[in-house]
Structures are given as C-alpha cells and as structure tokens.
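Asker: My file is data-v5.cif. It has mmCIF, C-alpha atoms and all ligand atoms:
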```cif
data_upload
loop_
_atom_site.label_atom_id
_atom_site.label_comp_id
_atom_site.auth_asym_id
_atom_site.auth_seq_id
_atom_site.Cartn_x
_atom_site.Cartn_y
_atom_site.Cartn_z
CA MET O 10 -61.31 -187.24 54.55
CA LYS O 11 -58.87 -186.56 51.72
CA THR O 12 -59.30 -183.53 49.46
CA THR O 13 -60.14 -184.36 45.84
CA ILE O 14 -58.81 -182.32 42.94
CA TRP O 15 -59.74 -182.73 39.26
CA ILE O 16 -56.92 -181.62 36.99
CA VAL O 17 -58.22 -180.96 33.49
CA GLY O 18 -55.29 -181.09 31.07
CA GLY O 19 -52.95 -183.21 33.17
CA SER O 20 -51.36 -185.51 30.61
CA SER O 21 -48.16 -183.51 30.19
CA GLY O 22 -46.24 -180.38 31.20
CA ILE O 23 -47.51 -178.33 34.13
CA GLY O 24 -50.70 -180.40 34.59
CA PHE O 25 -48.80 -183.68 34.89
CA GLU O 26 -46.40 -182.15 37.43
CA LEU O 27 -49.34 -180.73 39.38
CA ALA O 28 -50.99 -184.16 39.47
CA THR O 29 -47.77 -185.72 40.77
CA ARG O 30 -47.37 -183.03 43.44
CA TYR O 31 -50.97 -183.31 44.67
CA LEU O 32 -50.68 -187.12 44.83
CA LYS O 33 -47.43 -186.88 46.83
CA ASN O 34 -49.26 -184.57 49.23
CA ASP O 35 -51.98 -187.13 49.88
CA TYR O 36 -54.76 -185.69 47.74
CA GLN O 37 -57.18 -187.77 45.71
CA VAL O 38 -56.54 -186.78 42.11
CA ILE O 39 -58.56 -187.17 38.92
CA VAL O 40 -56.66 -186.38 35.74
CA SER O 41 -58.38 -185.66 32.46
CA ALA O 42 -57.02 -185.19 28.96
CA ARG O 43 -58.24 -186.41 25.59
CA LYS O 44 -56.58 -189.82 26.02
CA ALA O 45 -55.72 -189.78 29.71
CA THR O 46 -56.37 -193.52 30.14
CA GLN O 47 -53.93 -194.32 27.30
CA THR O 48 -51.16 -191.92 28.35
CA GLU O 49 -48.13 -193.95 29.44
CA SER O 50 -46.80 -191.44 32.00
CA LEU O 51 -50.24 -191.30 33.66
CA GLN O 52 -50.54 -195.10 33.65
CA GLN O 53 -47.17 -195.29 35.42
CA LEU O 54 -48.31 -192.70 37.96
CA GLN O 55 -51.39 -194.81 38.58
CA VAL O 56 -49.21 -197.82 39.39
CA GLU O 57 -47.52 -195.65 42.04
CA PHE O 58 -50.80 -194.25 43.39
CA PRO O 59 -53.45 -196.93 42.65
CA ALA O 60 -55.88 -195.82 45.36
CA THR O 61 -55.71 -192.07 44.87
CA LEU O 62 -55.41 -191.49 41.12
CA GLN O 63 -58.23 -191.87 38.60
CA LEU O 64 -57.94 -191.16 34.88
CA VAL O 65 -60.92 -189.88 32.91
CA ASP O 66 -60.79 -189.21 29.17
CA MET O 67 -62.33 -185.92 28.15
CA ASP O 68 -62.18 -183.61 25.15
CA VAL O 69 -63.00 -180.13 26.43
CA SER O 70 -64.00 -178.99 22.94
CA ASP O 71 -66.99 -181.38 22.98
CA MET O 72 -69.89 -180.71 25.41
CA LYS O 73 -71.08 -184.34 25.41
CA SER O 74 -67.59 -185.54 26.28
CA VAL O 75 -67.39 -182.92 29.06
CA ALA O 76 -70.82 -183.84 30.49
CA ASP O 77 -70.02 -187.59 30.50
CA ALA O 78 -66.54 -187.08 31.93
CA THR O 79 -67.83 -184.79 34.69
CA GLN O 80 -70.26 -187.52 35.84
CA LYS O 81 -67.44 -190.05 35.75
CA ALA O 82 -64.97 -187.76 37.51
CA TRP O 83 -67.46 -187.04 40.30
CA LYS O 84 -68.18 -190.75 40.77
CA SER O 85 -64.44 -191.57 40.93
CA PHE O 86 -64.23 -190.56 44.61
CA GLY O 87 -67.84 -189.50 45.23
CA GLN O 88 -66.80 -185.83 45.43
CA ILE O 89 -64.65 -183.12 43.87
CA ASP O 90 -63.40 -180.26 46.04
CA CYS O 91 -61.46 -178.38 43.40
CA CYS O 92 -61.35 -178.36 39.61
CA LEU O 93 -58.08 -177.03 38.21
CA TYR O 94 -58.65 -176.19 34.55
CA ASN O 95 -55.25 -176.38 32.89
CA ALA O 96 -56.06 -177.46 29.32
CA GLY O 97 -54.54 -175.20 26.72
CA VAL O 98 -53.06 -175.04 23.23
CA TYR O 99 -50.77 -172.43 21.72
CA GLU O 100 -49.77 -171.25 18.26
CA HIS O 101 -48.01 -168.00 17.43
CA MET O 102 -48.70 -166.61 13.98
CA LYS O 103 -47.83 -163.53 11.98
CA VAL O 104 -50.78 -161.96 10.16
CA SER O 105 -49.43 -163.49 6.93
CA GLU O 106 -49.57 -166.96 8.56
CA TRP O 107 -53.06 -166.77 10.06
CA ASP O 108 -54.93 -170.04 10.06
CA ILE O 109 -58.56 -169.75 11.14
CA GLU O 110 -58.65 -173.37 12.36
CA LYS O 111 -55.86 -172.61 14.82
CA PHE O 112 -57.77 -169.57 16.08
CA GLU O 113 -60.88 -171.73 16.51
CA GLN O 114 -58.93 -174.47 18.33
CA MET O 115 -57.36 -171.99 20.76
CA THR O 116 -60.74 -170.40 21.45
CA GLN O 117 -62.36 -173.82 21.92
CA ILE O 118 -59.77 -175.17 24.35
CA ASN O 119 -58.34 -172.12 26.11
CA TYR O 120 -61.69 -170.42 26.71
CA LEU O 121 -64.86 -172.30 25.72
CA GLY O 122 -63.57 -175.58 27.19
CA ALA O 123 -63.34 -173.83 30.56
CA VAL O 124 -66.92 -172.61 30.18
CA ARG O 125 -68.07 -176.15 29.29
CA VAL O 126 -66.37 -177.72 32.31
CA THR O 127 -67.72 -174.98 34.60
CA THR O 128 -71.24 -175.48 33.20
CA ALA O 129 -71.09 -179.25 33.76
CA LEU O 130 -69.58 -179.12 37.26
CA ILE O 131 -71.59 -176.29 38.87
CA PRO O 132 -74.71 -178.46 39.49
CA PHE O 133 -72.53 -181.00 41.35
CA PHE O 134 -70.94 -178.25 43.47
CA GLN O 135 -74.38 -176.75 44.15
CA LYS O 136 -75.67 -180.12 45.32
CA SER O 137 -72.74 -180.64 47.67
CA GLY O 138 -72.97 -177.03 48.91
CA LYS O 139 -69.33 -176.17 48.10
CA GLY O 140 -66.61 -176.28 45.49
CA SER O 141 -63.74 -174.44 43.94
CA PHE O 142 -62.53 -173.64 40.42
CA VAL O 143 -58.97 -172.68 39.54
CA PHE O 144 -58.22 -171.68 35.94
CA ASN O 145 -54.74 -171.58 34.49
CA ALA O 146 -54.76 -168.57 32.17
CA SER O 147 -51.51 -166.76 31.32
CA ILE O 148 -49.85 -163.40 31.80
CA SER O 149 -50.44 -162.95 28.08
CA SER O 150 -54.03 -162.21 29.14
CA TYR O 151 -52.83 -158.81 30.45
CA PHE O 152 -51.90 -157.31 27.08
CA GLY O 153 -51.89 -158.64 23.51
CA LEU O 154 -48.35 -159.31 22.31
CA PRO O 155 -47.24 -159.44 18.66
CA TYR O 156 -47.99 -162.77 16.92
CA GLY O 157 -49.68 -164.15 20.06
CA GLY O 158 -53.21 -162.77 19.76
CA GLY O 159 -54.81 -166.09 18.83
CA TYR O 160 -53.60 -167.51 22.15
CA SER O 161 -53.86 -164.49 24.42
CA ALA O 162 -57.34 -163.32 23.34
CA PRO O 163 -59.08 -166.50 24.65
CA LYS O 164 -56.91 -166.30 27.80
CA ALA O 165 -58.05 -162.69 28.31
CA ALA O 166 -61.64 -163.88 27.78
CA LEU O 167 -61.04 -166.57 30.42
CA MET O 168 -59.83 -164.00 32.94
CA ASN O 169 -62.79 -161.72 32.22
CA PHE O 170 -65.14 -164.73 32.57
CA CYS O 171 -63.64 -165.59 35.98
CA GLU O 172 -64.01 -162.00 37.19
CA ALA O 173 -67.63 -162.04 36.02
CA ILE O 174 -68.69 -165.32 37.66
CA LYS O 175 -66.79 -164.98 40.95
CA PRO O 176 -69.27 -162.77 42.91
CA GLU O 177 -72.28 -164.82 41.79
CA LEU O 178 -70.73 -168.21 42.56
CA GLU O 179 -69.34 -166.97 45.90
CA LEU O 180 -72.94 -166.65 47.10
CA GLN O 181 -73.26 -170.40 46.51
CA ASN O 182 -70.03 -171.19 48.38
CA ILE O 183 -68.22 -171.87 45.09
CA ASP O 184 -64.83 -170.22 44.85
CA VAL O 185 -63.20 -169.01 41.60
CA ARG O 186 -59.49 -168.29 41.23
CA ILE O 187 -57.09 -167.68 38.38
CA ILE O 188 -53.40 -168.33 37.73
CA ASN O 189 -51.45 -166.00 35.47
CA HIS O 190 -47.87 -167.16 35.06
CA GLY O 191 -44.98 -166.71 32.67
CA PHE O 192 -42.95 -169.06 30.49
CA VAL O 193 -42.64 -172.74 31.40
CA LYS O 194 -40.55 -175.24 29.43
CA THR O 195 -43.18 -177.60 27.98
CA ARG O 196 -44.15 -178.93 24.55
CA LEU O 197 -46.30 -175.81 24.27
CA THR O 198 -43.40 -173.34 24.48
CA ALA O 199 -41.07 -175.64 22.49
CA LYS O 200 -42.65 -173.91 19.47
CA ASN O 201 -41.13 -170.56 20.45
CA ASP O 202 -38.08 -169.47 18.48
CA PHE O 203 -37.26 -166.53 20.78
CA GLU O 204 -35.55 -166.31 24.12
CA MET O 205 -38.08 -166.72 26.93
CA PRO O 206 -37.20 -164.64 30.01
CA GLN O 207 -37.49 -166.28 33.45
CA LEU O 208 -38.29 -169.68 31.87
CA LEU O 209 -39.29 -172.24 34.52
CA GLU O 210 -39.20 -176.04 34.55
CA PRO O 211 -42.73 -177.54 34.76
CA ALA O 212 -42.01 -179.16 38.16
CA ASP O 213 -40.92 -175.78 39.55
CA ALA O 214 -44.02 -174.07 38.16
CA ALA O 215 -46.22 -176.80 39.68
CA LYS O 216 -44.51 -176.36 43.06
CA ILE O 217 -45.14 -172.60 42.99
CA ILE O 218 -48.78 -173.08 41.95
CA TYR O 219 -49.36 -175.71 44.65
CA GLU O 220 -47.77 -173.57 47.37
CA LYS O 221 -49.44 -170.31 46.33
CA LEU O 222 -52.89 -171.92 46.10
CA ASN O 223 -52.50 -173.28 49.62
CA ALA O 224 -50.92 -170.15 51.08
CA SER O 225 -53.87 -167.80 50.59
CA ASN O 226 -57.33 -167.37 49.11
CA ARG O 227 -56.25 -164.64 46.70
CA PHE O 228 -58.25 -164.47 43.47
CA GLU O 229 -55.15 -164.25 41.31
CA ILE O 230 -51.87 -166.12 41.54
CA ARG O 231 -49.14 -164.61 39.42
CA PHE O 232 -45.45 -165.35 38.90
CA PRO O 233 -42.59 -164.83 38.20
CA PHE O 234 -42.48 -161.38 39.75
CA LEU O 235 -40.44 -159.39 37.19
CA LEU O 236 -42.15 -160.70 34.07
CA THR O 237 -45.67 -160.47 35.49
CA SER O 238 -44.94 -156.96 36.78
CA PHE O 239 -43.81 -155.86 33.32
CA LEU O 240 -46.90 -157.33 31.61
CA TYR O 241 -49.12 -155.79 34.32
CA PHE O 242 -47.42 -152.45 33.67
CA LEU O 243 -48.32 -152.77 29.96
CA ARG O 244 -51.91 -153.42 30.96
CA CYS O 245 -52.11 -150.31 33.16
CA ALA O 246 -49.86 -147.93 31.18
CA PRO O 247 -51.19 -145.46 28.59
CA ARG O 248 -51.55 -147.36 25.28
CA SER O 249 -48.94 -145.18 23.56
CA ILE O 250 -46.32 -146.33 26.08
CA ALA O 251 -47.45 -149.98 25.97
CA PHE O 252 -47.27 -150.05 22.15
CA TYR O 253 -43.81 -148.46 22.27
CA PHE O 254 -42.65 -151.59 24.07
CA THR O 255 -44.63 -154.18 22.09
CA ARG O 256 -43.43 -152.70 18.75
CA LYS O 257 -39.93 -153.61 19.92
CA ALA O 258 -41.00 -157.27 20.09
CA LEU O 259 -41.68 -157.40 16.33
N1 LIG N 1 -45.93 -173.31 29.12
C1 LIG N 1 -46.06 -172.01 29.35
O1 LIG N 1 -45.11 -171.21 29.22
C2 LIG N 1 -47.39 -171.47 29.83
C3 LIG N 1 -47.44 -170.13 30.24
C4 LIG N 1 -48.64 -169.60 30.70
C5 LIG N 1 -49.75 -170.42 30.75
N2 LIG N 1 -49.68 -171.71 30.34
C6 LIG N 1 -50.88 -172.54 30.39
O2 LIG N 1 -50.63 -173.68 31.18
C7 LIG N 1 -51.49 -174.74 30.77
C8 LIG N 1 -50.67 -176.01 30.59
O3 LIG N 1 -49.77 -175.81 29.52
P1 LIG N 1 -48.41 -176.63 29.32
O4 LIG N 1 -47.40 -175.64 28.96
O5 LIG N 1 -48.18 -177.56 30.44
O6 LIG N 1 -48.76 -177.42 27.96
P2 LIG N 1 -48.99 -178.97 27.61
O7 LIG N 1 -47.91 -179.80 28.17
O8 LIG N 1 -49.20 -179.00 26.14
O9 LIG N 1 -50.34 -179.32 28.39
C9 LIG N 1 -51.59 -178.97 27.88
C10 LIG N 1 -52.64 -179.92 28.46
O10 LIG N 1 -53.90 -179.56 27.88
C11 LIG N 1 -54.54 -180.76 27.45
N3 LIG N 1 -55.46 -180.53 26.34
C12 LIG N 1 -55.21 -179.95 25.14
N4 LIG N 1 -56.32 -180.01 24.38
C13 LIG N 1 -57.27 -180.64 25.10
C14 LIG N 1 -58.62 -181.00 24.85
N5 LIG N 1 -59.23 -180.71 23.69
N6 LIG N 1 -59.31 -181.62 25.83
C15 LIG N 1 -58.71 -181.93 27.01
N7 LIG N 1 -57.43 -181.61 27.32
C16 LIG N 1 -56.73 -180.98 26.36
C17 LIG N 1 -53.38 -181.64 27.00
O11 LIG N 1 -53.81 -182.99 26.98
P3 LIG N 1 -53.94 -183.90 25.63
O12 LIG N 1 -53.23 -183.17 24.53
O13 LIG N 1 -53.28 -185.17 26.05
O14 LIG N 1 -55.40 -184.03 25.42
C18 LIG N 1 -52.37 -181.38 28.10
O15 LIG N 1 -52.63 -182.20 29.20
C19 LIG N 1 -52.17 -174.26 29.49
O16 LIG N 1 -53.47 -173.79 29.78
C20 LIG N 1 -51.30 -173.10 29.04
O17 LIG N 1 -52.00 -172.17 28.26
C21 LIG N 1 -48.52 -172.26 29.89
#
```
I need this file expressed as structure tokens, please.
Answerer:
Amino acid sequence: MKTTIWIVGGSSGIGFELATRYLKNDYQVIVSARKATQTESLQQLQVEFPATLQLVDMDVSDMKSVADATQKAWKSFGQIDCCLYNAGVYEHMKVSEWDIEKFEQMTQINYLGAVRVTTALIPFFQKSGKGSFVFNASISSYFGLPYGGGYSAPKAALMNFCEAIKPELELQNIDVRIINHGFVKTRLTAKNDFEMPQLLEPADAAKIIYEKLNASNRFEIRFPFLLTSFLYFLRCAPRSIAFYFTRKAL
C-alpha cells in the first residue's frame, strides 16, 4: 500500500517541489492551497501523475474551509499517513512601516492555520490509530531578527505549539515533527533586499527535507548547518551577546 502525504501549501516554492519529489518516489500526494485546483503548475503535475495526485482547495485562515478540505483530502485516497504543513506568508517591516493587517495575516497562516489543520485532522488520525504531522517553521523561530518579528513570532509560536502537543499525541500514535531551515529562493524571499547567506533553490531544499524526514525520526530537522548553528547560538547565548549581533543587522 502506498504512503499518502497531504502537503498544505504546495502550489509554489518548496511545497510544489516537495509534491513533485514525493510523487516521483511513488507516494500518493494531496496538495492544498487556496486555489490548488486552478493552479496551472499543479494541473500539469496532475497530467503526469493522474492516479497519485489529488488537488484540494483550502484556505487555512478559514476553519470551515479547513474542515471541508480535510474531509475531502481524507476521502481522496481513503487515508492520510502524513500531513506536511508548509503554508506560510512573509513580510518584513520596520516599526515605521507596521501594518496590523500583515501581522494578522502572518499569524493566521503561519501559526493559527497550522492549529486549524491539526484540529481538523486529529479525529481522522485517532480513528485510523496512527498519523504524523510535519510543520515547516523557520530558523527565524529561534531568535527574533530586526524587521522580521511579524513573521518569526508566529513561527516561534508554531514551534512552541509542536513541542507542547508532541508528548500528548505520541500516546495516540500520532507523531509531530518540525522543520527549521534557512533561506530558499522563492516568491516569499524575493521580497528581501539583503544578501541571503546559504540561499538554496527550492528543489534542493525539498530534496534535503525529503531525505532528512526519511532518514530518522528526529523531532527537528534543521539546515543549512552554518546558518542554523548561528541562529541556535543566538537562542542559547546570553541576551547581551545575541543583541550585539542582531543590532549589526539594522
Ligand atoms: N523561502 C524561505 O527562505 C523559507 C525559509 C524558512 C521557512 N520557510 C517556510 O517554508 C514554507 C513555504 O514557503 P515558500 O518559500 O515555498 O513560499 P511560497 O512559494 O510563497 O509558498 C507558500 C505556500 O503557502 C500557501 N498559502 C499561503 N496562504 C495560504 C492560505 N491562506 N491557505 C492555504 N495555503 C496558503 C501558498 O499557496 P497559495 O498562495 O496558492 O494559496 C503556497 O503554496 C512557508 O511556511 C515558509 O514560511 C521558507
């Protein structure tokens, strides 16, 4: 029996490359995004993989949409083994540029959307006696960086949420894992006007994610090594030292 993965936020960037990689490795794949069924690149992928790819429209900021899409996604292949939550939006803003709607959108999609999908899918996993969640957060969840707080705060909340639910869900044979990675060249980072160290192509990031998820059962997957190590150092270092470095990023 093939393994079924539901990629939430798979219409572009890393999610699209993950969907392609899982399909090429003989998985059954469900891809969701707001207009997944109308996304040309996904329609083309479906021509290539008619039996193993299903598209389900879902807006993670709307609970009704999430509840309906979860039913539909489950029915697509009669099972879901893993839900990879990859939906995310990003805006960087100086204090003088703050826009509360952008803060709300990032909180809705980067954090609360993950809670909505988890809430809707848990009963299905409980019924089948197993399941697995993987959440794509970000290394920005380790330490707030200048201008990026609107994005990184919901990502930090997502990581904290995963840590909190893991022990409880484990008892029900439901696994929880998190991915914290660095810069990837997508429409999301196209907004950045600074040099991004260790920038990866989305296909390369998807390959690393795919391989690392299959290689072990570790709670956290992190890459690339140097950048994640530096951000992890900021997280663990005395605040005075961490702020010395982040002030330099102004
Ligand atoms: N790129 C990076 O450097 C980087 C670094 C660390 C972490 N990440 C994380 O990686 C994930 C993928 O990002 P990406 O760089 O590949 O960006 P992307 O190409 O913009 O992909 C974002 C995905 O999220 C979906 N999405 C956005 N709003 C949604 C909503 N309301 N409901 C359902 N789906 C929604 C988008 O689909 P539609 O817009 O079609 O609905 C799209 O499929 C994000 O969680 C991001 O935070 C990215």
Asker: Please identify all polymer residues lying at most 8 Å from the point (-54.6, -192.1, 46.3) (file coordinates), using all atoms listed in the file, and present the result as a VMD selection string.
Answerer: chain O and resid 32 35 to 38 58 to 62
Asker: Please identify all protein, DNA and RNA residues within 8 Å of ligand LIG 1 (chain N), counting all atoms listed in the file, and report them as a PDB file with C-alpha atoms, in the frame of the given file.
Answerer:
```pdb
ATOM      1  CA  VAL O  17     -58.220-180.960  33.490  1.00  0.00           C
ATOM      2  CA  GLY O  18     -55.290-181.090  31.070  1.00  0.00           C
ATOM      3  CA  GLY O  19     -52.950-183.210  33.170  1.00  0.00           C
ATOM      4  CA  SER O  20     -51.360-185.510  30.610  1.00  0.00           C
ATOM      5  CA  SER O  21     -48.160-183.510  30.190  1.00  0.00           C
ATOM      6  CA  GLY O  22     -46.240-180.380  31.200  1.00  0.00           C
ATOM      7  CA  ILE O  23     -47.510-178.330  34.130  1.00  0.00           C
ATOM      8  CA  GLY O  24     -50.700-180.400  34.590  1.00  0.00           C
ATOM      9  CA  PHE O  25     -48.800-183.680  34.890  1.00  0.00           C
ATOM     10  CA  SER O  41     -58.380-185.660  32.460  1.00  0.00           C
ATOM     11  CA  ALA O  42     -57.020-185.190  28.960  1.00  0.00           C
ATOM     12  CA  ARG O  43     -58.240-186.410  25.590  1.00  0.00           C
ATOM     13  CA  LYS O  44     -56.580-189.820  26.020  1.00  0.00           C
ATOM     14  CA  ALA O  45     -55.720-189.780  29.710  1.00  0.00           C
ATOM     15  CA  THR O  48     -51.160-191.920  28.350  1.00  0.00           C
ATOM     16  CA  ASP O  66     -60.790-189.210  29.170  1.00  0.00           C
ATOM     17  CA  MET O  67     -62.330-185.920  28.150  1.00  0.00           C
ATOM     18  CA  ASP O  68     -62.180-183.610  25.150  1.00  0.00           C
ATOM     19  CA  VAL O  69     -63.000-180.130  26.430  1.00  0.00           C
ATOM     20  CA  SER O  70     -64.000-178.990  22.940  1.00  0.00           C
ATOM     21  CA  ASP O  71     -66.990-181.380  22.980  1.00  0.00           C
ATOM     22  CA  TYR O  94     -58.650-176.190  34.550  1.00  0.00           C
ATOM     23  CA  ASN O  95     -55.250-176.380  32.890  1.00  0.00           C
ATOM     24  CA  ALA O  96     -56.060-177.460  29.320  1.00  0.00           C
ATOM     25  CA  GLY O  97     -54.540-175.200  26.720  1.00  0.00           C
ATOM     26  CA  VAL O  98     -53.060-175.040  23.230  1.00  0.00           C
ATOM     27  CA  TYR O  99     -50.770-172.430  21.720  1.00  0.00           C
ATOM     28  CA  GLN O 117     -62.360-173.820  21.920  1.00  0.00           C
ATOM     29  CA  ILE O 118     -59.770-175.170  24.350  1.00  0.00           C
ATOM     30  CA  ASN O 119     -58.340-172.120  26.110  1.00  0.00           C
ATOM     31  CA  GLY O 122     -63.570-175.580  27.190  1.00  0.00           C
ATOM     32  CA  ASN O 145     -54.740-171.580  34.490  1.00  0.00           C
ATOM     33  CA  ALA O 146     -54.760-168.570  32.170  1.00  0.00           C
ATOM     34  CA  SER O 147     -51.510-166.760  31.320  1.00  0.00           C
ATOM     35  CA  ILE O 148     -49.850-163.400  31.800  1.00  0.00           C
ATOM     36  CA  SER O 149     -50.440-162.950  28.080  1.00  0.00           C
ATOM     37  CA  TYR O 160     -53.600-167.510  22.150  1.00  0.00           C
ATOM     38  CA  LYS O 164     -56.910-166.300  27.800  1.00  0.00           C
ATOM     39  CA  ASN O 189     -51.450-166.000  35.470  1.00  0.00           C
ATOM     40  CA  HIS O 190     -47.870-167.160  35.060  1.00  0.00           C
ATOM     41  CA  GLY O 191     -44.980-166.710  32.670  1.00  0.00           C
ATOM     42  CA  PHE O 192     -42.950-169.060  30.490  1.00  0.00           C
ATOM     43  CA  VAL O 193     -42.640-172.740  31.400  1.00  0.00           C
ATOM     44  CA  LYS O 194     -40.550-175.240  29.430  1.00  0.00           C
ATOM     45  CA  THR O 195     -43.180-177.600  27.980  1.00  0.00           C
ATOM     46  CA  ARG O 196     -44.150-178.930  24.550  1.00  0.00           C
ATOM     47  CA  LEU O 197     -46.300-175.810  24.270  1.00  0.00           C
ATOM     48  CA  THR O 198     -43.400-173.340  24.480  1.00  0.00           C
ATOM     49  CA  LEU O 208     -38.290-169.680  31.870  1.00  0.00           C
ATOM     50  CA  LEU O 209     -39.290-172.240  34.520  1.00  0.00           C
ATOM     51  CA  PRO O 211     -42.730-177.540  34.760  1.00  0.00           C
TER      52      PRO O 211
END
```
Asker: Can you tell me how far atom CA of O:Arg30 sits from atom CA of O:Leu93, in Å to one decimal?
Answerer: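 Here the two named atoms are 13.3 Å from each other.
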Asker: Go through stretch 148-189 of chain O residue by residue and, counting all atoms listed in the file, keep those with an atom at most 10 Å from stretch 228-242 of chain O; for each kept residue give the shortest atom pair and its distance in Å to one decimal, ordered by chain and increasing number, as CSV.
Answerer:
```
residue,atom,partner,partner_atom,distance
O:Ile148,CA,O:Thr237,CA,6.3
O:Ser149,CA,O:Leu240,CA,7.5
O:Ser150,CA,O:Leu240,CA,9.0
O:Tyr151,CA,O:Tyr241,CA,6.2
O:Phe152,CA,O:Leu240,CA,6.7
O:Gly153,CA,O:Leu240,CA,9.6
O:Leu154,CA,O:Leu240,CA,9.6
O:Met168,CA,O:Glu229,CA,9.6
O:Cys171,CA,O:Phe228,CA,9.3
O:Glu172,CA,O:Phe228,CA,8.9
O:Lys175,CA,O:Phe228,CA,8.9
O:Asp184,CA,O:Phe228,CA,8.8
O:Val185,CA,O:Phe228,CA,7.0
O:Arg186,CA,O:Phe228,CA,4.6
O:Ile187,CA,O:Glu229,CA,4.9
O:Ile188,CA,O:Ile230,CA,4.7
O:Asn189,CA,O:Arg231,CA,4.8
```
Asker: If you measure from atom CA of O:Val126 to atom CA of O:Ala78, what distance in Å do you get, rounded to one decimal?
Answerer: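 Distance reported for this atom pair: 9.4 Å.
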Asker: Of the residues O:Gln55, O:Arg125, O:Pro206, O:Glu106, which is the one nearest to O:Ala76, using only C-alpha atoms?
Answerer: O:Arg125
Asker: Tell me, as an MDAnalysis selection string, which residues lie within 10 Å of O:Asn182, counting only C-alpha atoms; anything in the same chain fewer than 3 positions away does not count.
Answerer: chainID O and resid 134:135 137:141 177:179 185
Asker: Using only C-alpha atoms, which residue out of O:Pro155, O:Lys73, O:Leu222, O:Phe133 lies closest to O:Lys257?
Answerer: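 Residue with the minimum atom-to-atom distance to O:Lys257: O:Pro155.
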Asker: So the first atom is atom CA of O:Phe170 and the second is atom CA of O:Arg256; what is the distance between them in Å, to one decimal place?
Answerer: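 Computing the Euclidean distance for atom CA of O:Phe170 and atom CA of O:Arg256 yields 28.4 Å.
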Asker: Can you list, as a PyMOL selection string, every protein, DNA or RNA residue that comes within 7 Å of O:Tyr120 when you count all atoms listed in the file, leaving out same-chain residues fewer than 3 positions away?
Answerer: chain O and resi 116-117+123-124+163-164+166-167
Asker: Which centre and edge lengths in Å to one decimal define the box along x, y and z that fits every listed atom of stretch 92-96 of chain O plus 3 Å per side, as AutoDock Vina command-line options?
Answerer:
```
--center_x -58.3 --center_y -177.3 --center_z 34.5 --size_x 12.1 --size_y 8.2 --size_z 16.3
```
